[in-house]
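Remarks on the structure that follows.
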Amino acid sequence: MTSPALLHIPEGTRFGYRAGLPWTRQDRCLVEAVQSVSAGPGLHLLVAPNGSGKTTLLRTLAGLSPTLAGQVSTKAQILYFADELRADPEMKPRTFFRAWFKGDSLAAAENLAETLRLDMKCPIGKLSRGNRQKVILILAEIKASLTQGSVLLMDEPLTGLDAETREQVTRLWASTNTSAMRLVIMHELECVRQADSLLTIAGGQLRHATARTGDSWMATYQTLHS
Ligand SMILES: Nc1ncnc2c1ncn2[C@@H]1O[C@H](COP(=O)(O)OP(=O)(O)OP(=O)(O)O)[C@@H](O)[C@H]1O
């Protein structure tokens with residue numbers, strides 16, 4: 001049985017920004033869906049060259065920017081996580097999670113922090129890039145666990161993590177909150193062995209592969225760009 005689509009991007013949908021002064025404003029299209037894209041629960045990778053419009057696409061899917069044409073549809077709860085944690089630098093992760101969660105959810109956040117070796121007593125402003133990233137990942141996972149079938153949009157969540165933590169996180173994604181859809185921007189395709197699809201932007205076109213060609217997602221990426 002195929003999984004229900006949680007996110008649908010119709011053919012012709014355009015993503016970008018409006019540039020210039022209000023009276024001379026012009027659309028600058030970065031990405032156009034040349035085929036419709038539907039994705040359901042699982043892990044979906046968004047990998048494309050620097051500056052091709054990945055963050056713009058993700059922010060638009062999150063409803064933070066308008067599409068330039070067309071309309072994205074979803075019935076799911078959308079959770080967007082930017083590539084940097086925005087929180088009071090004096091706040092410690094323990095206080096941060098206590099502000100977000102109570103009871104079992106808070107306990108789950110604390111357990112995950114222990115698993116990922118996050119120092120809960122170090123102020124966020126003094127955490128390394130990778131450790132700040134762990135705070136975002138824990139927030140994402142515990143929030144996703146509160147609603148069935150959420151859509152998590154994550155901008156470079158693995159950047160800055162050491163190899164062991166990356167491995168732990170990708171294993172976690174495969175085993176928990178499996179009703180969620182994770183659309184994840186990343187640059188290092190090698191660190192993910194299992195994924196349900198790959199999206200990329202080639203020459204301004206959004207391309208989607210739902211099965212691997214060849215042995216790896218890297219081979220699929222190269223095919224989509226050829
Ligand atoms: N509102 C805006 N005004 C002006 N330029 C913009 C705006 N939004 C995006 N851009 C430009 O569009 C291009 C694509 O940006 P975006 O951040 O979406 O790319 P990206 O693929 O995520 O890049 P990277 O891999 O480097 O993070 C960049 O050159 C960026 O400066």
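We label chains A, B, ... in the order they appear in the structure tokens, count residues from 1 in each chain, and number ligands from 1 in the order shown.
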
Using only C-alpha atoms and all ligand atoms, find each protein or nucleic acid residue lying at most 7 Å from ligand 1; present the set as a ChimeraX atom specification.
-> /A:16-19,30,48-57

Take the residues that were just selected and, keeping C-alpha atoms, output them as a JSON list (two decimals), in the first residue's frame.
[["chain", "number", "residue", "atom", "x", "y", "z"],
["A", 16, "GLY", "CA", 11.57, 32.78, -5.58],
["A", 17, "TYR", "CA", 11.37, 36.31, -4.29],
["A", 18, "ARG", "CA", 10.22, 39.78, -5.30],
["A", 19, "ALA", "CA", 13.06, 42.25, -5.86],
["A", 30, "LEU", "CA", 14.67, 30.51, -8.55],
["A", 48, "ALA", "CA", 21.26, 21.09, -4.76],
["A", 49, "PRO", "CA", 24.14, 23.47, -5.45],
["A", 50, "ASN", "CA", 24.75, 26.55, -3.27],
["A", 51, "GLY", "CA", 22.49, 29.46, -4.11],
["A", 52, "SER", "CA", 20.05, 27.38, -6.18],
["A", 53, "GLY", "CA", 17.09, 28.22, -3.93],
["A", 54, "LYS", "CA", 16.80, 25.38, -1.39],
["A", 55, "THR", "CA", 16.16, 27.62, 1.63],
["A", 56, "THR", "CA", 13.76, 29.78, -0.39],
["A", 57, "LEU", "CA", 11.86, 26.63, -1.41]]

Write out as JSON lines the residues of segment 51-159 of chain A that have any atom within 7 Å of an atom of segment 182-192 of chain A, one row each with the nearest atom pair and its distance in Å to one decimal, counting only C-alpha atoms, sorted by chain and then rising number.
{"residue": "A:Val151", "atom": "CA", "partner": "A:Arg182", "partner_atom": "CA", "distance": 6.0}
{"residue": "A:Leu152", "atom": "CA", "partner": "A:Arg182", "partner_atom": "CA", "distance": 4.7}
{"residue": "A:Leu153", "atom": "CA", "partner": "A:Leu183", "partner_atom": "CA", "distance": 5.0}
{"residue": "A:Met154", "atom": "CA", "partner": "A:Val184", "partner_atom": "CA", "distance": 4.8}
{"residue": "A:Asp155", "atom": "CA", "partner": "A:Ile185", "partner_atom": "CA", "distance": 5.0}
{"residue": "A:Glu156", "atom": "CA", "partner": "A:Ile185", "partner_atom": "CA", "distance": 4.9}

Residues of the last selection are to be written out with N, CA and C atoms, as a PDB file, in the first residue's frame.
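That gives us again_36.pdb:
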ATOM      1  N   VAL A 151       4.673  17.347   8.967  1.00  0.00           N
ATOM      2  CA  VAL A 151       5.682  17.565   7.931  1.00  0.00           C
ATOM      3  C   VAL A 151       6.799  18.390   8.559  1.00  0.00           C
ATOM      4  N   LEU A 152       7.985  17.816   8.655  1.00  0.00           N
ATOM      5  CA  LEU A 152       9.140  18.530   9.209  1.00  0.00           C
ATOM      6  C   LEU A 152       9.988  19.041   8.053  1.00  0.00           C
ATOM      7  N   LEU A 153      10.188  20.349   8.019  1.00  0.00           N
ATOM      8  CA  LEU A 153      11.032  20.951   6.991  1.00  0.00           C
ATOM      9  C   LEU A 153      12.300  21.405   7.697  1.00  0.00           C
ATOM     10  N   MET A 154      13.428  20.807   7.348  1.00  0.00           N
ATOM     11  CA  MET A 154      14.647  21.062   8.123  1.00  0.00           C
ATOM     12  C   MET A 154      15.778  21.532   7.205  1.00  0.00           C
ATOM     13  N   ASP A 155      16.344  22.683   7.554  1.00  0.00           N
ATOM     14  CA  ASP A 155      17.406  23.282   6.743  1.00  0.00           C
ATOM     15  C   ASP A 155      18.776  22.883   7.303  1.00  0.00           C
ATOM     16  N   GLU A 156      19.433  21.996   6.631  1.00  0.00           N
ATOM     17  CA  GLU A 156      20.779  21.517   6.983  1.00  0.00           C
ATOM     18  C   GLU A 156      20.901  21.056   8.440  1.00  0.00           C
TER      19      GLU A 156
END

Distance query segment 85-94 of chain A at most 6 Å, only C-alpha atoms, self and fewer than 2 positions along chain excluded, as a VMD selection string = chain A and resid 96 to 97 120 to 125

Just the selected residues (N, CA and C atoms), exported as an mmCIF file, in the first residue's frame, please.
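Wrote result-v1.cif, looks like this:
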data_model
loop_
_atom_site.group_PDB
_atom_site.id
_atom_site.type_symbol
_atom_site.label_atom_id
_atom_site.label_comp_id
_atom_site.auth_asym_id
_atom_site.auth_seq_id
_atom_site.Cartn_x
_atom_site.Cartn_y
_atom_site.Cartn_z
ATOM 1 N N PHE A 96 15.430 25.795 28.020
ATOM 2 C CA PHE A 96 14.798 25.895 26.701
ATOM 3 C C PHE A 96 13.739 24.797 26.546
ATOM 4 N N PHE A 97 14.124 23.534 26.840
ATOM 5 C CA PHE A 97 13.171 22.425 26.676
ATOM 6 C C PHE A 97 12.032 22.514 27.701
ATOM 7 N N MET A 120 23.293 19.873 28.834
ATOM 8 C CA MET A 120 22.055 20.632 29.089
ATOM 9 C C MET A 120 22.292 21.853 29.960
ATOM 10 N N LYS A 121 23.489 21.948 30.559
ATOM 11 C CA LYS A 121 23.731 23.055 31.495
ATOM 12 C C LYS A 121 24.562 24.176 30.886
ATOM 13 N N CYS A 122 24.986 23.999 29.634
ATOM 14 C CA CYS A 122 25.833 25.021 28.994
ATOM 15 C C CYS A 122 24.946 26.049 28.282
ATOM 16 N N PRO A 123 25.134 27.353 28.547
ATOM 17 C CA PRO A 123 24.293 28.349 27.858
ATOM 18 C C PRO A 123 24.366 28.170 26.338
ATOM 19 N N ILE A 124 23.229 28.362 25.675
ATOM 20 C CA ILE A 124 23.142 28.143 24.225
ATOM 21 C C ILE A 124 24.197 28.958 23.474
ATOM 22 N N GLY A 125 24.455 30.182 23.949
ATOM 23 C CA GLY A 125 25.444 31.044 23.294
ATOM 24 C C GLY A 125 26.861 30.489 23.352
#

Mind checking DSSP for segment 6-97 of chain A and telling me the strand (DSSP E or B) residues as number ranges by chain?
-> A: 7-9, 14-19, 26-33, 37-39, 42-46, 69, 73, 78-81

Spatial neighbours of Ile9 of chain A, 10 Å, only C-alpha atoms, chain gap at least 5 places, as a PyMOL selection string = chain A and resi 14+33+35-39+61+70-74

So which one's closest to Asp27 of chain A, A:Ala219, A:Val135, A:Leu68, A:Leu116? Using only C-alpha atoms, please.
-> A:Leu68

Just the helix (DSSP H, G or I) stuff from segment 29-211 of chain A, please, per backbone DSSP, written as a PyMOL selection string.
-> chain A and resi 54-61+93-100+103-115+124-126+129-146+163-175+189-191

Could the residues in this selection be saved with C-alpha atoms as a PDB file, in the first residue's frame?
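Written output follows (again_3.pdb):
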ATOM      1  CA  LYS A  54      16.803  25.375  -1.389  1.00  0.00           C
ATOM      2  CA  THR A  55      16.165  27.624   1.632  1.00  0.00           C
ATOM      3  CA  THR A  56      13.757  29.777  -0.391  1.00  0.00           C
ATOM      4  CA  LEU A  57      11.856  26.632  -1.414  1.00  0.00           C
ATOM      5  CA  LEU A  58      11.714  25.312   2.156  1.00  0.00           C
ATOM      6  CA  ARG A  59      10.610  28.659   3.605  1.00  0.00           C
ATOM      7  CA  THR A  60       7.875  28.883   0.965  1.00  0.00           C
ATOM      8  CA  LEU A  61       6.654  25.358   1.777  1.00  0.00           C
ATOM      9  CA  PRO A  93      19.092  23.776  26.823  1.00  0.00           C
ATOM     10  CA  ARG A  94      17.417  22.442  30.004  1.00  0.00           C
ATOM     11  CA  THR A  95      15.487  25.726  30.440  1.00  0.00           C
ATOM     12  CA  PHE A  96      14.798  25.895  26.701  1.00  0.00           C
ATOM     13  CA  PHE A  97      13.171  22.425  26.676  1.00  0.00           C
ATOM     14  CA  ARG A  98      11.254  23.175  29.910  1.00  0.00           C
ATOM     15  CA  ALA A  99       9.748  26.201  28.143  1.00  0.00           C
ATOM     16  CA  TRP A 100       8.587  23.990  25.248  1.00  0.00           C
ATOM     17  CA  GLY A 103       5.676  15.759  31.523  1.00  0.00           C
ATOM     18  CA  ASP A 104       6.460  12.813  29.221  1.00  0.00           C
ATOM     19  CA  SER A 105       7.546  15.060  26.339  1.00  0.00           C
ATOM     20  CA  LEU A 106      10.046  16.846  28.558  1.00  0.00           C
ATOM     21  CA  ALA A 107      11.370  13.498  29.785  1.00  0.00           C
ATOM     22  CA  ALA A 108      11.689  12.334  26.148  1.00  0.00           C
ATOM     23  CA  ALA A 109      13.610  15.519  25.249  1.00  0.00           C
ATOM     24  CA  GLU A 110      15.952  14.995  28.215  1.00  0.00           C
ATOM     25  CA  ASN A 111      16.520  11.342  27.261  1.00  0.00           C
ATOM     26  CA  LEU A 112      17.312  12.260  23.690  1.00  0.00           C
ATOM     27  CA  ALA A 113      19.714  14.969  24.891  1.00  0.00           C
ATOM     28  CA  GLU A 114      21.524  12.309  26.920  1.00  0.00           C
ATOM     29  CA  THR A 115      21.634   9.930  23.945  1.00  0.00           C
ATOM     30  CA  ILE A 124      23.142  28.143  24.225  1.00  0.00           C
ATOM     31  CA  GLY A 125      25.444  31.044  23.294  1.00  0.00           C
ATOM     32  CA  LYS A 126      28.444  28.979  24.384  1.00  0.00           C
ATOM     33  CA  ARG A 129      27.568  24.730  16.115  1.00  0.00           C
ATOM     34  CA  GLY A 130      26.996  20.963  16.279  1.00  0.00           C
ATOM     35  CA  ASN A 131      25.620  21.121  19.814  1.00  0.00           C
ATOM     36  CA  ARG A 132      23.238  23.960  18.885  1.00  0.00           C
ATOM     37  CA  GLN A 133      22.135  21.734  16.016  1.00  0.00           C
ATOM     38  CA  LYS A 134      21.333  18.962  18.517  1.00  0.00           C
ATOM     39  CA  VAL A 135      18.962  21.364  20.328  1.00  0.00           C
ATOM     40  CA  ILE A 136      17.097  21.946  17.032  1.00  0.00           C
ATOM     41  CA  LEU A 137      16.988  18.206  16.270  1.00  0.00           C
ATOM     42  CA  ILE A 138      15.595  17.345  19.726  1.00  0.00           C
ATOM     43  CA  LEU A 139      12.985  20.117  19.464  1.00  0.00           C
ATOM     44  CA  ALA A 140      11.983  18.798  16.011  1.00  0.00           C
ATOM     45  CA  GLU A 141      11.683  15.171  17.087  1.00  0.00           C
ATOM     46  CA  ILE A 142       9.707  15.828  20.265  1.00  0.00           C
ATOM     47  CA  LYS A 143       7.363  18.265  18.506  1.00  0.00           C
ATOM     48  CA  ALA A 144       6.825  15.708  15.717  1.00  0.00           C
ATOM     49  CA  SER A 145       5.985  13.052  18.314  1.00  0.00           C
ATOM     50  CA  LEU A 146       3.070  15.172  19.594  1.00  0.00           C
ATOM     51  CA  ALA A 163      30.089  11.401  12.313  1.00  0.00           C
ATOM     52  CA  GLU A 164      28.791   9.361  15.267  1.00  0.00           C
ATOM     53  CA  THR A 165      25.949  11.793  16.005  1.00  0.00           C
ATOM     54  CA  ARG A 166      25.015  11.990  12.314  1.00  0.00           C
ATOM     55  CA  GLU A 167      24.738   8.220  12.285  1.00  0.00           C
ATOM     56  CA  GLN A 168      22.602   8.271  15.468  1.00  0.00           C
ATOM     57  CA  VAL A 169      20.282  10.901  14.013  1.00  0.00           C
ATOM     58  CA  THR A 170      19.756   9.106  10.701  1.00  0.00           C
ATOM     59  CA  ARG A 171      19.018   5.860  12.597  1.00  0.00           C
ATOM     60  CA  LEU A 172      16.558   7.781  14.809  1.00  0.00           C
ATOM     61  CA  TRP A 173      14.803   9.185  11.733  1.00  0.00           C
ATOM     62  CA  ALA A 174      14.361   5.663  10.368  1.00  0.00           C
ATOM     63  CA  SER A 175      12.947   4.243  13.612  1.00  0.00           C
ATOM     64  CA  LEU A 189      24.660  12.754   0.564  1.00  0.00           C
ATOM     65  CA  GLU A 190      27.122  10.051   1.603  1.00  0.00           C
ATOM     66  CA  CYS A 191      25.991  10.178   5.242  1.00  0.00           C
TER      67      CYS A 191
END

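For the residues A:Leu45, A:Ser128, A:Gly214, A:Glu11, ranking by smallest atom-to-atom distance to Glu32 of chain A using only C-alpha atoms places A:Glu11 first.
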
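Taking atom CA of Thr178 of chain A and atom CA of Gly42 of chain A as the two end points, the separation is 6.4 Å.
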
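The smallest atom-to-atom distance between Val34 of chain A and any of A:Ser216, A:Gln205, A:Gln222, A:Thr147, using only C-alpha atoms, is found for A:Gln205.
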
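Excluding Thr213 of chain A and any residue on its chain fewer than 6 positions from it, the residues at most 12 Å away by only C-alpha atoms are Ser197, Leu198, Ala219, Thr220, Tyr221, Gln222, Thr223 and Leu224 of chain A.
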